[in-house]
Amino acid sequence: MKAKTVYRTIQTAVTAVILMLSACEPEAVPVNGVTLDRTTVNMMVGESVTLKAVVAPANATVKTVHWSGVPAGAATVKDHGDGRCTVTVEKEGSVTVLAATADGGKAAGCRLSAAWPRIGNTAFIKAVDTQCGWTVEPDGTVKLTPENRAAMAAVTELSLAEKGLTDISGIEYFTGLTTLLCYGNQLTELDVSANTALTTLDCCYNQLTDLDVSANTALTTLKCFSNQLTDLDVAANTALTTLDCCYNQLTELDVKANMALVNLSCHGNQLTELDVSANTNLGYLMCGYQNDGPVTQNLDLFLTAAQKTAWENNWGKGIYNDKVTVKTAE
């Protein structure tokens, strides 16, 4: 009898504890809404944007959201699993990115409007004219579609000479260029760092104060005369056979790395010395007529013994090789 009483007492106590613990469990808080940190975005095709969903109320029990893009295939949607997603638009046009809550089926959307990036330099585009098989828009711009990019990359020679251009931005997409002729314009800047296949660059008769050809290691011919260059680094251009940088404002010129050099014209600068003893393939040299203001200054020219003979028999008789003192390199 006593055992039954004890059992019932224990059973009653356990039941009471269970009821008490159940009473302590918080009630599930349902989701009643969701918003996005952005509702509209204007962007370029190929760009990415990160969106964040905010579930309400803040203490909702289940805050999971699922992301999707409409229409399907217009964008790549990457769910980070923390209420954020990164969207990359693949096509021109509009796509709506939806965030739907796992609890309650609430949803919010962001409209992404994507356009192709463009080359907007219409003067450059007009100068290219029929030399490229791209599609030009009615407003004179060029969309950077895969087709247009391929057409630009396929061009190997481009002549923009004497077109009155002040800017040739857009040239960076012509990655297959081996020859670029842009002489006789009004360029103050020239970026050819993306044109790494160039073997010939003629940018003479412009207004360039700087020219970086360090990325153009395939260059064999560089003509940049009649500009306003104060510095010219050709150390990376070891394939150069012709360098014409006359009539600039160079005070130094180092051609020791250019051992393939055959033709060098650097007269009409402000050089005080020039060492071509490493350029044993040199067959033509014009280096005099160095100017410091209105005064023609003397140039100390360092040659090998063989080059000195060439100077005495040929080079030194050139019209622009005055005021040059020849010295034998050690």
# chains A, B, ... in the order shown; residues from 1 in each chain; ligands from 1
>>> residues_around(residues="Asp167 in chain A", least_positions_apart="3", cutoff="8 Å", atoms="only C-alpha atoms", output="CSV table (one decimal) with C-alpha atoms, in the first residue's frame")
chain,number,residue,atom,x,y,z
A,121,ASN,CA,34.0,58.5,-76.9
A,124,PHE,CA,37.2,58.0,-81.3
A,186,GLN,CA,46.1,66.6,-80.1
A,187,LEU,CA,46.6,63.9,-77.5
A,188,THR,CA,47.8,64.9,-74.1
A,189,GLU,CA,47.4,61.3,-72.7
A,190,LEU,CA,47.9,57.9,-74.2
>>> select_by_dssp(residues="range 21-224 of chain A", states="alpha helix (DSSP H)", output="list in words")
Leu21, Ser22, Ala23, Cys24, Thr122, Ala123, Phe124, Ile125, Lys126, Ala127, Val128, Pro146, Glu147, Asn148, Arg149, Ala150, Ala151, Met152 and Ala153 of chain A
>>> residues_around(residues="Ala108 in chain A", least_positions_apart="4", cutoff="8 Å", atoms="only C-alpha atoms", output="list in words")
Val34, Thr35, Leu36, Leu98, Ala99 and Ala100 of chain A
>>> residues_around(residues="Asp210 in chain A", least_positions_apart="3", cutoff="8 Å", atoms="only C-alpha atoms", output="list in words")
Glu189, Gln228, Leu229, Thr230, Asp231 and Leu232 of chain A
>>> write_last_selection(atoms="N, CA and C atoms", output="mmCIF file, in the first residue's frame")
data_model
loop_
_atom_site.group_PDB
_atom_site.id
_atom_site.type_symbol
_atom_site.label_atom_id
_atom_site.label_comp_id
_atom_site.auth_asym_id
_atom_site.auth_seq_id
_atom_site.Cartn_x
_atom_site.Cartn_y
_atom_site.Cartn_z
ATOM 1 N N GLU A 189 47.252 62.574 -73.435
ATOM 2 C CA GLU A 189 47.411 61.323 -72.704
ATOM 3 C C GLU A 189 47.260 60.156 -73.679
ATOM 4 N N GLN A 228 55.983 66.421 -75.976
ATOM 5 C CA GLN A 228 56.537 67.213 -74.882
ATOM 6 C C GLN A 228 57.015 66.297 -73.755
ATOM 7 N N LEU A 229 57.560 65.153 -74.130
ATOM 8 C CA LEU A 229 57.998 64.162 -73.148
ATOM 9 C C LEU A 229 59.206 64.656 -72.372
ATOM 10 N N THR A 230 59.136 64.515 -71.062
ATOM 11 C CA THR A 230 60.276 64.861 -70.210
ATOM 12 C C THR A 230 60.988 63.607 -69.711
ATOM 13 N N ASP A 231 60.354 62.454 -69.924
ATOM 14 C CA ASP A 231 60.940 61.185 -69.476
ATOM 15 C C ASP A 231 60.462 60.086 -70.412
ATOM 16 N N LEU A 232 61.341 59.135 -70.691
ATOM 17 C CA LEU A 232 60.967 57.999 -71.527
ATOM 18 C C LEU A 232 61.753 56.779 -71.059
#
>>> residues_around(residues="Gly140 in chain A", least_positions_apart="4", cutoff="10 Å", atoms="only C-alpha atoms", output="list in words")
Ile119, Gly120, Asn121, Thr122, Ala123, Ile125, Lys126, Thr135 and Val136 of chain A
>>> write_last_selection(atoms="C-alpha atoms", output="short mmCIF file (atom, residue, chain, number, x, y, z; two decimals), in the first residue's frame")
data_model
loop_
_atom_site.label_atom_id
_atom_site.label_comp_id
_atom_site.auth_asym_id
_atom_site.auth_seq_id
_atom_site.Cartn_x
_atom_site.Cartn_y
_atom_site.Cartn_z
CA ILE A 119 32.38 53.28 -75.15
CA GLY A 120 31.10 56.84 -75.09
CA ASN A 121 34.03 58.47 -76.89
CA THR A 122 32.11 59.21 -80.09
CA ALA A 123 35.00 61.08 -81.74
CA ILE A 125 34.42 55.72 -82.60
CA LYS A 126 33.93 57.92 -85.66
CA THR A 135 27.88 47.65 -84.12
CA VAL A 136 27.53 51.37 -83.44
#
>>> residues_around(residues="range 58-71 of chain A", least_positions_apart="5", cutoff="8 Å", atoms="only C-alpha atoms", output="NGL selection string")
:A and (28-31 or 53 or 76-77 or 79 or 81-83 or 85 or 95-103)
>>> write_last_selection(atoms="N, CA, C and O atoms", output="JSON list (two decimals), in the first residue's frame")
[["chain", "number", "residue", "atom", "x", "y", "z"],
["A", 28, "ALA", "N", 6.14, 30.30, -30.28],
["A", 28, "ALA", "CA", 6.74, 30.66, -31.57],
["A", 28, "ALA", "C", 6.21, 32.01, -32.03],
["A", 28, "ALA", "O", 5.02, 32.29, -31.94],
["A", 29, "VAL", "N", 7.13, 32.84, -32.51],
["A", 29, "VAL", "CA", 6.74, 34.17, -33.00],
["A", 29, "VAL", "C", 6.71, 34.11, -34.52],
["A", 29, "VAL", "O", 7.74, 33.92, -35.17],
["A", 30, "PRO", "N", 5.55, 34.26, -35.13],
["A", 30, "PRO", "CA", 5.45, 34.15, -36.58],
["A", 30, "PRO", "C", 5.98, 35.38, -37.30],
["A", 30, "PRO", "O", 6.02, 36.47, -36.76],
["A", 31, "VAL", "N", 6.39, 35.17, -38.54],
["A", 31, "VAL", "CA", 6.83, 36.27, -39.42],
["A", 31, "VAL", "C", 5.60, 36.99, -39.96],
["A", 31, "VAL", "O", 4.63, 36.35, -40.40],
["A", 53, "ALA", "N", 17.83, 41.14, -46.73],
["A", 53, "ALA", "CA", 16.44, 41.06, -46.34],
["A", 53, "ALA", "C", 16.31, 41.30, -44.83],
["A", 53, "ALA", "O", 17.12, 40.80, -44.05],
["A", 76, "THR", "N", 22.39, 35.66, -61.92],
["A", 76, "THR", "CA", 22.87, 34.63, -61.02],
["A", 76, "THR", "C", 22.66, 35.12, -59.59],
["A", 76, "THR", "O", 23.13, 36.21, -59.24],
["A", 77, "VAL", "N", 21.95, 34.33, -58.79],
["A", 77, "VAL", "CA", 21.62, 34.72, -57.42],
["A", 77, "VAL", "C", 22.34, 33.79, -56.45],
["A", 77, "VAL", "O", 22.08, 32.58, -56.45],
["A", 79, "ASP", "N", 22.87, 32.86, -52.63],
["A", 79, "ASP", "CA", 22.32, 33.01, -51.27],
["A", 79, "ASP", "C", 23.42, 32.78, -50.25],
["A", 79, "ASP", "O", 24.06, 31.73, -50.23],
["A", 81, "GLY", "N", 22.91, 32.71, -47.02],
["A", 81, "GLY", "CA", 22.38, 31.99, -45.88],
["A", 81, "GLY", "C", 22.21, 32.80, -44.62],
["A", 81, "GLY", "O", 21.85, 32.26, -43.57],
["A", 82, "ASP", "N", 22.46, 34.08, -44.69],
["A", 82, "ASP", "CA", 22.33, 34.95, -43.51],
["A", 82, "ASP", "C", 21.38, 36.12, -43.77],
["A", 82, "ASP", "O", 21.50, 37.17, -43.15],
["A", 83, "GLY", "N", 20.47, 35.93, -44.73],
["A", 83, "GLY", "CA", 19.56, 37.00, -45.07],
["A", 83, "GLY", "C", 20.10, 37.90, -46.18],
["A", 83, "GLY", "O", 19.44, 38.88, -46.55],
["A", 85, "CYS", "N", 22.02, 38.15, -50.21],
["A", 85, "CYS", "CA", 22.33, 37.46, -51.45],
["A", 85, "CYS", "C", 23.10, 38.41, -52.35],
["A", 85, "CYS", "O", 22.98, 39.63, -52.24],
["A", 95, "VAL", "N", 15.39, 42.61, -64.20],
["A", 95, "VAL", "CA", 15.19, 41.37, -63.47],
["A", 95, "VAL", "C", 14.73, 41.74, -62.07],
["A", 95, "VAL", "O", 15.22, 42.71, -61.48],
["A", 96, "THR", "N", 13.78, 41.00, -61.56],
["A", 96, "THR", "CA", 13.30, 41.22, -60.20],
["A", 96, "THR", "C", 13.82, 40.11, -59.31],
["A", 96, "THR", "O", 13.63, 38.92, -59.60],
["A", 97, "VAL", "N", 14.49, 40.50, -58.24],
["A", 97, "VAL", "CA", 15.00, 39.53, -57.27],
["A", 97, "VAL", "C", 14.03, 39.48, -56.10],
["A", 97, "VAL", "O", 13.71, 40.52, -55.51],
["A", 98, "LEU", "N", 13.54, 38.29, -55.78],
["A", 98, "LEU", "CA", 12.55, 38.10, -54.73],
["A", 98, "LEU", "C", 13.16, 37.42, -53.52],
["A", 98, "LEU", "O", 13.94, 36.48, -53.66],
["A", 99, "ALA", "N", 12.76, 37.92, -52.35],
["A", 99, "ALA", "CA", 13.11, 37.29, -51.09],
["A", 99, "ALA", "C", 11.81, 36.81, -50.46],
["A", 99, "ALA", "O", 10.93, 37.63, -50.15],
["A", 100, "ALA", "N", 11.66, 35.49, -50.28],
["A", 100, "ALA", "CA", 10.45, 34.92, -49.70],
["A", 100, "ALA", "C", 10.79, 34.27, -48.37],
["A", 100, "ALA", "O", 11.76, 33.50, -48.28],
["A", 101, "THR", "N", 10.00, 34.54, -47.35],
["A", 101, "THR", "CA", 10.28, 33.98, -46.02],
["A", 101, "THR", "C", 9.85, 32.52, -45.97],
["A", 101, "THR", "O", 8.83, 32.13, -46.54],
["A", 102, "ALA", "N", 10.64, 31.70, -45.27],
["A", 102, "ALA", "CA", 10.28, 30.30, -45.08],
["A", 102, "ALA", "C", 9.05, 30.17, -44.19],
["A", 102, "ALA", "O", 8.27, 29.22, -44.33],
["A", 103, "ASP", "N", 8.84, 31.11, -43.30],
["A", 103, "ASP", "CA", 7.69, 31.12, -42.41],
["A", 103, "ASP", "C", 6.70, 32.17, -42.88],
["A", 103, "ASP", "O", 7.03, 33.36, -42.98]]
>>> closest_residue(among="A:His80, A:Ala239, A:Thr196, A:Leu271", to="Ala257 in chain A", atoms="only C-alpha atoms")
A:Ala239
>>> closest_residue(among="A:Thr200, A:Asn237, A:Gln270, A:Ser193", to="Ser159 in chain A", atoms="only C-alpha atoms")
A:Thr200
>>> select_by_dssp(residues="range 248-297 of chain A", states="strand (DSSP E or B)", output="list in words")
Asn263, Leu264, Ser265, Glu273, Leu274, Asp275, Tyr284, Leu285, Met286, Gln290, Asn291, Asp292, Val295, Thr296 and Gln297 of chain A
>>> write_last_selection(atoms="C-alpha atoms", output="PDB file, in the first residue's frame")
ATOM      1  CA  ASN A 263      67.901  53.012 -85.666  1.00  0.00           C
ATOM      2  CA  LEU A 264      68.040  55.702 -82.990  1.00  0.00           C
ATOM      3  CA  SER A 265      66.976  59.316 -83.381  1.00  0.00           C
ATOM      4  CA  GLU A 273      75.266  62.534 -72.484  1.00  0.00           C
ATOM      5  CA  LEU A 274      74.292  59.366 -74.302  1.00  0.00           C
ATOM      6  CA  ASP A 275      75.817  55.894 -74.057  1.00  0.00           C
ATOM      7  CA  TYR A 284      71.771  54.765 -87.784  1.00  0.00           C
ATOM      8  CA  LEU A 285      72.219  57.444 -85.117  1.00  0.00           C
ATOM      9  CA  MET A 286      70.994  61.034 -84.885  1.00  0.00           C
ATOM     10  CA  GLN A 290      70.504  69.200 -78.053  1.00  0.00           C
ATOM     11  CA  ASN A 291      68.904  72.379 -76.760  1.00  0.00           C
ATOM     12  CA  ASP A 292      68.846  74.084 -73.409  1.00  0.00           C
ATOM     13  CA  VAL A 295      71.256  77.508 -76.789  1.00  0.00           C
ATOM     14  CA  THR A 296      72.468  74.316 -78.468  1.00  0.00           C
ATOM     15  CA  GLN A 297      74.385  72.411 -75.810  1.00  0.00           C
TER      16      GLN A 297
END
>>> residues_around(residues="range 216-221 of chain A", least_positions_apart="4", cutoff="12 Å", atoms="only C-alpha atoms", output="PyMOL selection string")
chain A and resi 175+177-181+191-203+211-212+233-245+257-265
>>> decode(residues="range 111-146 of chain A", atoms="N, CA, C and O atoms", output="short mmCIF file (atom, residue, chain, number, x, y, z; two decimals), in the first residue's frame")
data_model
loop_
_atom_site.label_atom_id
_atom_site.label_comp_id
_atom_site.auth_asym_id
_atom_site.auth_seq_id
_atom_site.Cartn_x
_atom_site.Cartn_y
_atom_site.Cartn_z
N ARG A 111 13.96 45.51 -58.03
CA ARG A 111 14.02 45.54 -59.48
C ARG A 111 15.41 46.04 -59.90
O ARG A 111 15.82 47.15 -59.56
N LEU A 112 16.12 45.20 -60.65
CA LEU A 112 17.44 45.54 -61.16
C LEU A 112 17.32 45.87 -62.64
O LEU A 112 16.79 45.07 -63.42
N SER A 113 17.79 47.03 -63.03
CA SER A 113 17.79 47.44 -64.43
C SER A 113 19.23 47.46 -64.92
O SER A 113 20.05 48.24 -64.41
N ALA A 114 19.55 46.59 -65.87
CA ALA A 114 20.94 46.43 -66.32
C ALA A 114 21.10 46.86 -67.77
O ALA A 114 20.25 46.57 -68.62
N ALA A 115 22.19 47.55 -68.03
CA ALA A 115 22.52 47.97 -69.40
C ALA A 115 23.97 47.57 -69.68
O ALA A 115 24.78 47.44 -68.76
N TRP A 116 24.28 47.39 -70.95
CA TRP A 116 25.65 47.09 -71.32
C TRP A 116 26.52 48.33 -71.08
O TRP A 116 26.10 49.45 -71.40
N PRO A 117 27.72 48.16 -70.52
CA PRO A 117 28.65 49.30 -70.49
C PRO A 117 28.98 49.70 -71.92
O PRO A 117 28.88 48.88 -72.84
N ARG A 118 29.35 50.95 -72.11
CA ARG A 118 29.57 51.45 -73.47
C ARG A 118 30.87 52.22 -73.59
O ARG A 118 31.39 52.75 -72.61
N ILE A 119 31.35 52.30 -74.80
CA ILE A 119 32.38 53.28 -75.15
C ILE A 119 31.62 54.53 -75.56
O ILE A 119 30.84 54.52 -76.51
N GLY A 120 31.83 55.60 -74.82
CA GLY A 120 31.10 56.84 -75.09
C GLY A 120 31.91 57.88 -75.84
O GLY A 120 31.41 58.98 -76.10
N ASN A 121 33.16 57.54 -76.17
CA ASN A 121 34.03 58.47 -76.89
C ASN A 121 33.65 58.46 -78.37
O ASN A 121 34.25 57.74 -79.18
N THR A 122 32.66 59.26 -78.73
CA THR A 122 32.11 59.21 -80.09
C THR A 122 33.10 59.70 -81.14
O THR A 122 33.06 59.24 -82.29
N ALA A 123 33.99 60.62 -80.78
CA ALA A 123 35.00 61.08 -81.74
C ALA A 123 35.95 59.94 -82.09
O ALA A 123 36.32 59.75 -83.26
N PHE A 124 36.34 59.17 -81.09
CA PHE A 124 37.19 58.00 -81.32
C PHE A 124 36.47 56.97 -82.18
O PHE A 124 37.03 56.41 -83.13
N ILE A 125 35.21 56.71 -81.85
CA ILE A 125 34.42 55.72 -82.60
C ILE A 125 34.30 56.13 -84.06
O ILE A 125 34.45 55.31 -84.97
N LYS A 126 34.05 57.42 -84.29
CA LYS A 126 33.93 57.92 -85.66
C LYS A 126 35.25 57.79 -86.40
O LYS A 126 35.29 57.49 -87.60
N ALA A 127 36.37 58.02 -85.70
CA ALA A 127 37.68 57.92 -86.33
C ALA A 127 38.01 56.47 -86.71
O ALA A 127 38.65 56.21 -87.73
N VAL A 128 37.56 55.52 -85.89
CA VAL A 128 37.77 54.10 -86.21
C VAL A 128 37.00 53.74 -87.47
O VAL A 128 37.47 52.96 -88.31
N ASP A 129 35.79 54.30 -87.58
CA ASP A 129 34.96 54.15 -88.78
C ASP A 129 34.80 52.67 -89.16
O ASP A 129 34.34 51.88 -88.34
N THR A 130 35.18 52.30 -90.36
CA THR A 130 34.94 50.93 -90.85
C THR A 130 36.11 49.98 -90.56
O THR A 130 36.12 48.85 -91.06
N GLN A 131 37.06 50.41 -89.77
CA GLN A 131 38.21 49.55 -89.49
C GLN A 131 37.89 48.45 -88.49
O GLN A 131 38.73 47.58 -88.25
N CYS A 132 36.70 48.50 -87.91
CA CYS A 132 36.28 47.50 -86.93
C CYS A 132 34.88 47.03 -87.27
O CYS A 132 34.02 47.83 -87.64
N GLY A 133 34.63 45.75 -87.11
CA GLY A 133 33.33 45.20 -87.44
C GLY A 133 32.35 45.24 -86.29
O GLY A 133 31.54 44.33 -86.12
N TRP A 134 32.38 46.29 -85.49
CA TRP A 134 31.46 46.43 -84.37
C TRP A 134 30.13 47.02 -84.81
O TRP A 134 29.96 47.46 -85.94
N THR A 135 29.18 47.04 -83.88
CA THR A 135 27.88 47.65 -84.12
C THR A 135 27.81 48.95 -83.34
O THR A 135 27.95 48.96 -82.12
N VAL A 136 27.61 50.06 -84.07
CA VAL A 136 27.53 51.37 -83.44
C VAL A 136 26.06 51.71 -83.22
O VAL A 136 25.22 51.55 -84.12
N GLU A 137 25.74 52.18 -82.03
CA GLU A 137 24.36 52.54 -81.69
C GLU A 137 23.96 53.84 -82.39
O GLU A 137 24.82 54.62 -82.81
N PRO A 138 22.66 54.10 -82.51
CA PRO A 138 22.20 55.33 -83.15
C PRO A 138 22.75 56.60 -82.51
O PRO A 138 22.89 57.63 -83.19
N ASP A 139 23.06 56.55 -81.21
CA ASP A 139 23.61 57.74 -80.54
C ASP A 139 25.13 57.86 -80.70
O ASP A 139 25.76 58.74 -80.13
N GLY A 140 25.72 56.97 -81.49
CA GLY A 140 27.16 57.04 -81.76
C GLY A 140 28.02 56.30 -80.78
O GLY A 140 29.25 56.28 -80.93
N THR A 141 27.44 55.66 -79.76
CA THR A 141 28.22 54.90 -78.79
C THR A 141 28.31 53.44 -79.20
O THR A 141 27.61 52.99 -80.12
N VAL A 142 29.15 52.69 -78.51
CA VAL A 142 29.31 51.26 -78.79
C VAL A 142 29.10 50.47 -77.50
O VAL A 142 29.79 50.71 -76.51
N LYS A 143 28.15 49.55 -77.53
CA LYS A 143 27.92 48.69 -76.36
C LYS A 143 29.02 47.64 -76.27
O LYS A 143 29.46 47.11 -77.28
N LEU A 144 29.44 47.35 -75.05
CA LEU A 144 30.50 46.37 -74.85
C LEU A 144 29.90 44.97 -74.71
O LEU A 144 30.09 44.27 -73.71
N THR A 145 29.18 44.57 -75.74
CA THR A 145 28.63 43.23 -75.79
C THR A 145 29.74 42.24 -76.13
O THR A 145 30.81 42.63 -76.63
N PRO A 146 29.54 40.95 -75.89
CA PRO A 146 30.56 39.97 -76.28
C PRO A 146 30.91 40.06 -77.76
O PRO A 146 32.08 39.90 -78.14
#
